[in-house]
Every structure is written in structure tokens, then in C-alpha cells.
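With compact mmCIF, C-alpha atoms inside, this is run.txt:
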# COMPACT_ATOMS: atom_id res chain seq x y z
CA MET A 1 98.42 122.43 90.97
CA LYS A 2 98.34 125.50 93.19
CA VAL A 3 96.80 125.04 96.64
CA GLY A 4 93.89 127.38 95.86
CA LEU A 5 93.03 125.56 92.63
CA PHE A 6 93.33 122.18 94.33
CA LEU A 7 90.93 123.22 97.08
CA GLN A 8 88.54 124.69 94.53
CA GLU A 9 88.43 121.42 92.57
CA LEU A 10 87.65 119.20 95.56
CA MET A 11 85.10 121.62 96.98
CA GLY A 12 83.45 121.89 93.57
CA GLN A 13 83.19 118.12 93.24
CA MET A 14 81.70 117.81 96.71
CA ARG A 15 79.25 120.63 96.21
CA ALA A 16 78.13 119.20 92.85
CA ALA A 17 77.23 115.88 94.49
CA MET A 18 75.44 117.58 97.40
CA GLU A 19 73.34 119.70 95.08
CA ARG A 20 72.61 116.98 92.51
CA TYR A 21 71.24 114.66 95.18
CA THR A 22 69.88 117.38 97.54
CA MET A 23 71.94 116.09 100.46
CA ILE A 24 71.44 119.13 102.70
CA HIS A 25 68.25 120.88 103.81
CA PRO A 26 67.98 124.07 105.90
CA GLY A 27 68.77 123.48 109.57
CA ASP A 28 70.27 120.01 109.16
CA ARG A 29 72.53 118.89 112.00
CA VAL A 30 75.08 116.62 110.32
CA ALA A 31 77.25 114.12 112.16
CA VAL A 32 80.47 113.29 110.32
CA GLY A 33 81.62 109.78 111.11
CA VAL A 34 85.33 110.22 111.91
CA SER A 35 87.48 107.10 112.07
CA GLY A 36 90.81 108.94 112.09
CA GLY A 37 91.62 107.88 108.53
CA LYS A 38 92.26 110.18 105.59
CA ASP A 39 88.80 110.02 104.03
CA SER A 40 86.78 111.00 107.09
CA LEU A 41 89.20 113.77 108.05
CA VAL A 42 89.10 115.29 104.56
CA LEU A 43 85.30 115.13 104.59
CA LEU A 44 85.18 116.84 107.99
CA ALA A 45 87.62 119.58 106.96
CA ALA A 46 85.87 120.18 103.63
CA LEU A 47 82.40 120.38 105.19
CA ALA A 48 83.73 122.71 107.89
CA ARG A 49 84.91 125.06 105.16
CA LEU A 50 81.76 124.67 103.05
CA ARG A 51 79.38 125.52 105.90
CA THR A 52 80.77 129.07 106.02
CA TYR A 53 79.38 129.97 102.59
CA TYR A 54 76.95 127.24 101.50
CA PRO A 55 73.55 128.79 100.66
CA VAL A 56 71.71 126.14 102.72
CA PRO A 57 72.56 126.57 106.44
CA PHE A 58 73.64 123.44 108.35
CA SER A 59 75.69 122.56 111.43
CA LEU A 60 78.34 119.91 112.03
CA VAL A 61 79.27 117.45 114.75
CA ALA A 62 82.27 115.12 114.52
CA LEU A 63 81.48 111.67 115.88
CA THR A 64 83.77 108.69 116.49
CA ALA A 65 82.66 105.18 117.43
CA ASP A 66 85.88 103.76 118.84
CA PRO A 67 85.98 99.93 118.44
CA CYS A 68 88.61 99.72 121.23
CA PHE A 69 90.68 97.03 119.49
CA GLY A 70 92.49 94.91 122.04
CA GLY A 71 90.11 96.23 124.68
CA GLU A 72 91.92 99.59 124.79
CA PRO A 73 90.61 103.01 123.69
CA ASN A 74 92.42 104.61 120.78
CA ASP A 75 94.08 108.03 121.07
CA TYR A 76 92.06 110.68 119.21
CA SER A 77 93.63 113.71 120.91
CA ALA A 78 94.97 115.10 117.61
CA ILE A 79 91.45 115.08 116.16
CA GLU A 80 90.12 116.72 119.32
CA ARG A 81 92.60 119.57 118.84
CA PHE A 82 91.67 119.90 115.16
CA CYS A 83 87.97 120.07 116.01
CA ARG A 84 88.58 122.72 118.67
CA ASP A 85 90.48 124.83 116.12
CA GLN A 86 87.62 124.44 113.62
CA LYS A 87 84.95 125.06 116.27
CA ILE A 88 83.34 121.68 115.61
CA PRO A 89 81.83 119.73 118.54
CA TYR A 90 83.54 116.33 118.83
CA VAL A 91 81.97 113.30 120.49
CA ILE A 92 83.76 109.97 121.08
CA ARG A 93 81.77 106.88 121.98
CA ARG A 94 83.72 103.85 123.19
CA THR A 95 82.39 100.46 122.09
CA ARG A 96 83.20 96.78 122.60
CA LEU A 97 83.30 95.99 118.89
CA GLY A 98 86.98 95.08 118.84
CA THR A 99 86.59 92.60 121.70
CA LEU A 100 83.31 91.21 120.37
CA ILE A 101 84.53 90.60 116.81
CA PHE A 102 88.12 89.50 117.32
CA GLU A 103 88.13 87.87 120.76
CA GLU A 104 84.63 86.61 121.51
CA ARG A 105 83.34 85.74 118.03
CA LYS A 106 86.81 85.23 116.51
CA GLU A 107 85.55 86.21 113.06
CA SER A 108 87.75 84.94 110.23
CA SER A 109 86.41 87.60 107.83
CA PRO A 110 85.62 90.43 110.24
CA CYS A 111 85.52 93.52 108.00
CA ALA A 112 81.94 93.45 106.71
CA LEU A 113 80.51 92.75 110.17
CA CYS A 114 82.72 95.36 111.84
CA ALA A 115 81.77 98.01 109.28
CA LYS A 116 78.07 97.22 109.68
CA MET A 117 78.20 97.37 113.47
CA ARG A 118 80.26 100.58 113.53
CA LYS A 119 77.81 102.26 111.17
CA GLY A 120 74.92 101.11 113.35
CA ALA A 121 76.62 102.54 116.43
CA LEU A 122 77.36 105.83 114.65
CA ASN A 123 73.78 106.20 113.49
CA ASP A 124 72.40 105.48 116.96
CA TYR A 125 74.81 107.91 118.63
CA ALA A 126 74.08 110.59 116.03
CA LYS A 127 70.39 110.33 116.83
CA GLN A 128 71.10 110.57 120.55
CA ILE A 129 72.99 113.87 120.15
CA GLY A 130 70.29 115.46 118.02
CA CYS A 131 71.61 114.91 114.49
CA ASN A 132 69.25 114.07 111.66
CA LYS A 133 71.94 113.21 109.12
CA VAL A 134 75.22 111.28 109.10
CA ALA A 135 77.87 111.98 106.47
CA TYR A 136 80.06 109.04 105.44
CA ALA A 137 83.35 109.63 103.64
CA HIS A 138 82.95 107.20 100.74
CA HIS A 139 84.66 108.70 97.69
CA MET A 140 84.51 107.75 94.01
CA ASP A 141 87.04 104.92 94.33
CA ASP A 142 85.14 103.43 97.30
CA ILE A 143 81.96 103.36 95.23
CA ILE A 144 83.71 101.64 92.32
CA GLU A 145 85.39 99.10 94.61
CA THR A 146 82.09 98.35 96.34
CA MET A 147 80.51 97.62 92.96
CA PHE A 148 83.26 95.11 92.16
CA LEU A 149 82.98 93.52 95.61
CA SER A 150 79.23 93.16 95.14
CA MET A 151 79.64 91.54 91.71
CA PHE A 152 82.53 89.25 92.72
CA TYR A 153 81.21 88.01 96.05
CA GLU A 154 77.41 88.53 95.91
CA GLY A 155 76.58 88.32 92.23
CA GLN A 156 74.85 91.72 92.21
CA PHE A 157 75.39 95.06 90.46
CA TYR A 158 75.23 97.34 93.48
CA SER A 159 77.04 100.15 95.25
CA PHE A 160 76.42 102.73 98.00
CA ALA A 161 73.54 105.10 97.34
CA PRO A 162 74.27 108.86 97.50
CA VAL A 163 71.45 109.40 100.02
CA THR A 164 69.81 106.73 102.16
CA TYR A 165 67.02 107.18 104.70
CA LEU A 166 67.19 104.63 107.51
CA ASP A 167 63.71 103.84 108.81
CA ARG A 168 64.87 102.17 112.03
CA SER A 169 66.91 105.10 113.29
CA GLY A 170 65.24 107.97 111.44
CA ILE A 171 68.70 109.05 110.23
CA THR A 172 69.54 110.02 106.64
CA VAL A 173 72.99 108.95 105.42
CA ILE A 174 74.71 111.17 102.85
CA ARG A 175 77.96 110.70 100.91
CA PRO A 176 79.26 114.16 99.90
CA LEU A 177 82.63 112.87 98.57
CA MET A 178 81.05 110.53 96.01
CA TYR A 179 82.33 112.58 93.03
CA VAL A 180 85.84 112.98 94.49
CA PRO A 181 88.59 110.58 93.29
CA GLU A 182 90.79 109.14 96.02
CA ALA A 183 93.81 110.92 94.53
CA ASN A 184 92.16 114.27 95.30
CA VAL A 185 91.43 113.13 98.86
CA ILE A 186 95.09 112.23 99.37
CA GLY A 187 96.23 115.54 97.86
CA PHE A 188 93.91 117.51 100.15
CA LEU A 189 95.15 115.58 103.18
CA HIS A 190 98.81 116.33 102.47
CA LYS A 191 98.32 119.98 101.53
CA TYR A 192 96.37 120.76 104.71
CA HIS A 193 98.31 118.48 107.08
CA LEU A 194 95.25 116.85 108.62
CA PRO A 195 95.86 114.82 111.81
CA LEU A 196 95.72 111.15 110.84
CA VAL A 197 95.17 108.59 113.60
CA LYS A 198 96.78 105.17 113.09
CA ASN A 199 94.32 102.36 112.46
CA PRO A 200 94.94 99.69 115.13
CA CYS A 201 92.67 97.10 113.47
CA PRO A 202 94.33 93.63 113.36
CA ALA A 203 92.93 93.07 109.84
CA ASP A 204 94.11 96.40 108.38
CA GLY A 205 95.48 95.95 104.86
CA GLU A 206 94.48 92.29 104.55
CA THR A 207 90.93 92.63 103.26
CA LYS A 208 88.96 91.75 100.14
CA ARG A 209 88.50 95.48 99.61
CA GLU A 210 92.26 95.98 99.51
CA TYR A 211 92.51 93.19 96.92
CA VAL A 212 89.85 94.85 94.77
CA LYS A 213 91.50 98.28 95.22
CA GLN A 214 94.76 96.96 93.81
CA LEU A 215 92.92 95.20 90.99
CA VAL A 216 91.05 98.37 89.95
CA ARG A 217 94.29 100.35 90.15
CA GLN A 218 96.01 97.92 87.79
CA ILE A 219 93.07 97.93 85.36
CA ASN A 220 93.13 101.72 85.28
CA LEU A 221 96.89 101.78 84.65
CA GLU A 222 96.43 99.47 81.68
CA ASN A 223 93.31 101.31 80.46
CA PRO A 224 93.63 105.02 81.37
CA GLY A 225 90.29 106.61 82.21
CA VAL A 226 88.50 103.33 82.85
CA LYS A 227 87.61 104.28 86.45
CA LYS A 228 85.66 107.30 85.28
CA ARG A 229 83.79 105.15 82.76
CA ILE A 230 82.98 102.57 85.43
CA PHE A 231 81.71 105.31 87.72
CA HIS A 232 79.53 106.66 84.91
CA ALA A 233 78.10 103.15 84.48
CA ILE A 234 77.22 103.06 88.18
CA CYS A 235 75.59 106.50 88.05
CA THR A 236 73.42 105.50 85.08
CA GLY A 237 72.95 101.81 85.89
CA ARG A 238 69.55 102.00 87.58
CA ILE A 239 70.91 100.90 90.95
CA GLU A 240 68.40 101.27 93.76
CA GLY A 241 68.76 104.63 95.50
CA TRP A 242 70.63 106.36 92.68
CA ASN A 243 67.57 108.07 91.21
CA ILE A 244 67.30 111.86 91.18
CA ASN A 245 63.84 113.27 91.93
CA GLY A 246 62.25 109.96 91.00
CA LYS A 247 64.26 109.55 87.77
CA GLN A 248 67.29 107.38 87.06

Could you spell out this file's structure in C-alpha cells?
Amino acid sequence: MKVGLFLQELMGQMRAAMERYTMIHPGDRVAVGVSGGKDSLVLLAALARLRTYYPVPFSLVALTADPCFGGEPNDYSAIERFCRDQKIPYVIRRTRLGTLIFEERKESSPCALCAKMRKGALNDYAKQIGCNKVAYAHHMDDIIETMFLSMFYEGQFYSFAPVTYLDRSGITVIRPLMYVPEANVIGFLHKYHLPLVKNPCPADGETKREYVKQLVRQINLENPGVKKRIFHAICTGRIEGWNINGKQ
């Protein structure tokens, strides 16, 4: 696929989700949670491009909540340079999450707690710097995997909602990549040479989510197109928060 066509496809998928679920309103100040991984960097780069021609005006801030694994801050200098080039303000907040989870609490299954606490920190910091929305980089595969995790380990049919208003913080969470398959995210990353930052998490690659990811991949290999059908089931499955203008 030519670069222009590839970009057009991903941007079209993202814009379709944003418009279907009315993710952006005039004057929104959107914080993009940037971990340094591929998904958040693609979301940031795509939104930076979209803001130049989207009919609803909005502004962007890149925001990182650094867990400081091992008690040391991570190096985000490559992302700082990228944000300067794109004229996006970039804010890094150092936290004690790495020390708290792995050294003090010694969590045996740390991922769910770490993700919850990082999101809480991001939302709080976004509010402090004047943002009313936070964009998370969950793509189509993330949503499918979350549904399987919820069924396997909680006995519920559930996945991330496209738009979620958080009463405690007054922040609205949006997921603009929800229609984008992970393969398109990876393709975008490689074509535009985005600056990945290595994940220093001690549990990286050893999670229940990684197990489910490999399982879904195998199911889709054996049954081509099954991921799209699963995603359609999620979209139409009357999950809380997936309604459009009051309708499922």
C-alpha cells in the first residue's frame, strides 16, 4: 500500500470513530496519554495531523506519567524532540508507581493495578494542566482482548467504552483508535519512524493480556475475519457506554 493511501485509511478509521461517538467538541483541550509505546505515539501523531483540518477545533497536550521502574526516571528525550517538531506541548510527571507496586507491595499480578493507577495519575495531571479530555490509545485489538479478559477472568461481557465521563475528576476519556486494527497501527509506526521508548516494566510480555493476544491471533489465523466479527458483536452487544445518542 502506498504511504498516502495507508495514512488515508488510518485517519479515516480514526475520524469515523470520533464522529460516530462525538468524541470532540469545539475548544476541547485533549491530553494524549503517552507511554512511549507504539499505540500512544501513533495516536499522538495522527491527532496532531488531524487537528490541522478537522472541522471541530481542538488543541493537544502530550502527557506522560512515568512509573519510574526501579526508582529511576525513564528517558523520554526522543518523544520530547518529536513533540517540539510537531509543536505539541509535552508534560512529564514522575511517579512512585514502580516502587510502590514492585518493591513495597510486591504485587504478584501487578498489571491491572499499575494500569489503573497510571490512568488515575494521567487523569489528575490532565485536569491540573487545563485539559478537559484524555485520549487513550486503545485500538480494535485492545478492545477485543479486553472483552476476552473480562469473560475469562471476571465472567462478564465487557470492554472499554468509546467515551467515558469520569465524575471524580471531571475528565472525559476518549478512544479515537477504537476502529483501527493493530496491524494498521504497526504499519503507521514503521512508515513514519515514530520514536519508540523501551518499556522498562519488569512484567513486560508476561501478562494475561499477552496470553489472550496470542490466543486471539491464533483463532483469527484459523478463522480468517473472526476478529472483525467479534468486534461487531462488541459494538452491537449492548455493553454499558457503547450507546450512540441514547441508542445501542

Within 10 Å of segment 17-25 of chain A, which residues of segment 111-217 of chain A show up? Give each one with its shortest atom-to-atom distance in Å (one decimal) and the two atoms involved, counting all atoms listed in the file, rows by chain then rising residue number, as CSV.
residue,atom,partner,partner_atom,distance
A:Lys133,CA,A:Ile24,CA,8.7
A:Ala135,CA,A:Met23,CA,9.4
A:Pro162,CA,A:Tyr21,CA,6.9
A:Val163,CA,A:Met23,CA,6.7
A:Thr164,CA,A:Met23,CA,9.7
A:Thr172,CA,A:Met23,CA,9.0
A:Val173,CA,A:Met23,CA,8.8
A:Ile174,CA,A:Met23,CA,6.1
A:Arg175,CA,A:Met23,CA,8.1
A:Pro176,CA,A:Met18,CA,5.7
A:Leu177,CA,A:Ala17,CA,7.4
A:Met178,CA,A:Ala17,CA,6.7
A:Tyr179,CA,A:Ala17,CA,6.2
A:Val180,CA,A:Ala17,CA,9.1

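If you look at atom CA of Gly37 of chain A and atom CA of Pro195 of chain A, they are 8.8 Å away from each other.
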
**Q.** Spatial neighbours of segment 126-132 of chain A, 8 Å, only C-alpha atoms, chain gap at least 3 places, as a ChimeraX atom specification
**A.** /A:28-31,63,122-123,169-172

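When only C-alpha atoms are used to compute distances to Lys227 of chain A, the closest of the residues A:Arg209, A:Glu145, A:Ile186, A:Ile92 turns out to be A:Glu145.
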
Q | Spatial neighbours of Thr95 of chain A, 9 Å, only C-alpha atoms, chain gap at least 6 places, as an MDAnalysis selection string | A | chainID A and resid 65:68 73 118 121

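When atom CA of Tyr90 of chain A is paired with atom CA of Ala78 of chain A, their separation reads 11.6 Å.
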
Q: With only C-alpha atoms counted, which protein, DNA or RNA residues have an atom no more than 12 Å from (81.4, 127.2, 111.4) in the file frame? Please answer as a ChimeraX atom specification.
A: /A:44-54,57-61,83-89

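Taking atom CA of Arg229 of chain A and atom CA of Pro181 of chain A as endpoints, the distance between them is 12.8 Å.
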
Q) For the point (92.2, 113.6, 100.5) in file coordinates, what residues are within 10 Å, counting all atoms listed in the file? Give the answer as a PyMOL selection string? A) chain A and resi 10+37-43+45-46+139+177+180-192+194

**Q.** Residue among A:Met140, A:Met151, A:Met117, A:Val197 lying closest to Gln13 of chain A, counting all atoms listed in the file
**A.** A:Met140

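Of the residues listed (A:Tyr76, A:Lys228, A:Gln156, A:Gly33), A:Gly33 shows the shortest atom-to-atom separation from Tyr125 of chain A; distances use all atoms listed in the file.
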
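Ranking A:Ile234, A:Lys208, A:Val226, A:Asn243 by their shortest atom-to-atom distance to Met147 of chain A, with all atoms listed in the file included, puts A:Ile234 first.
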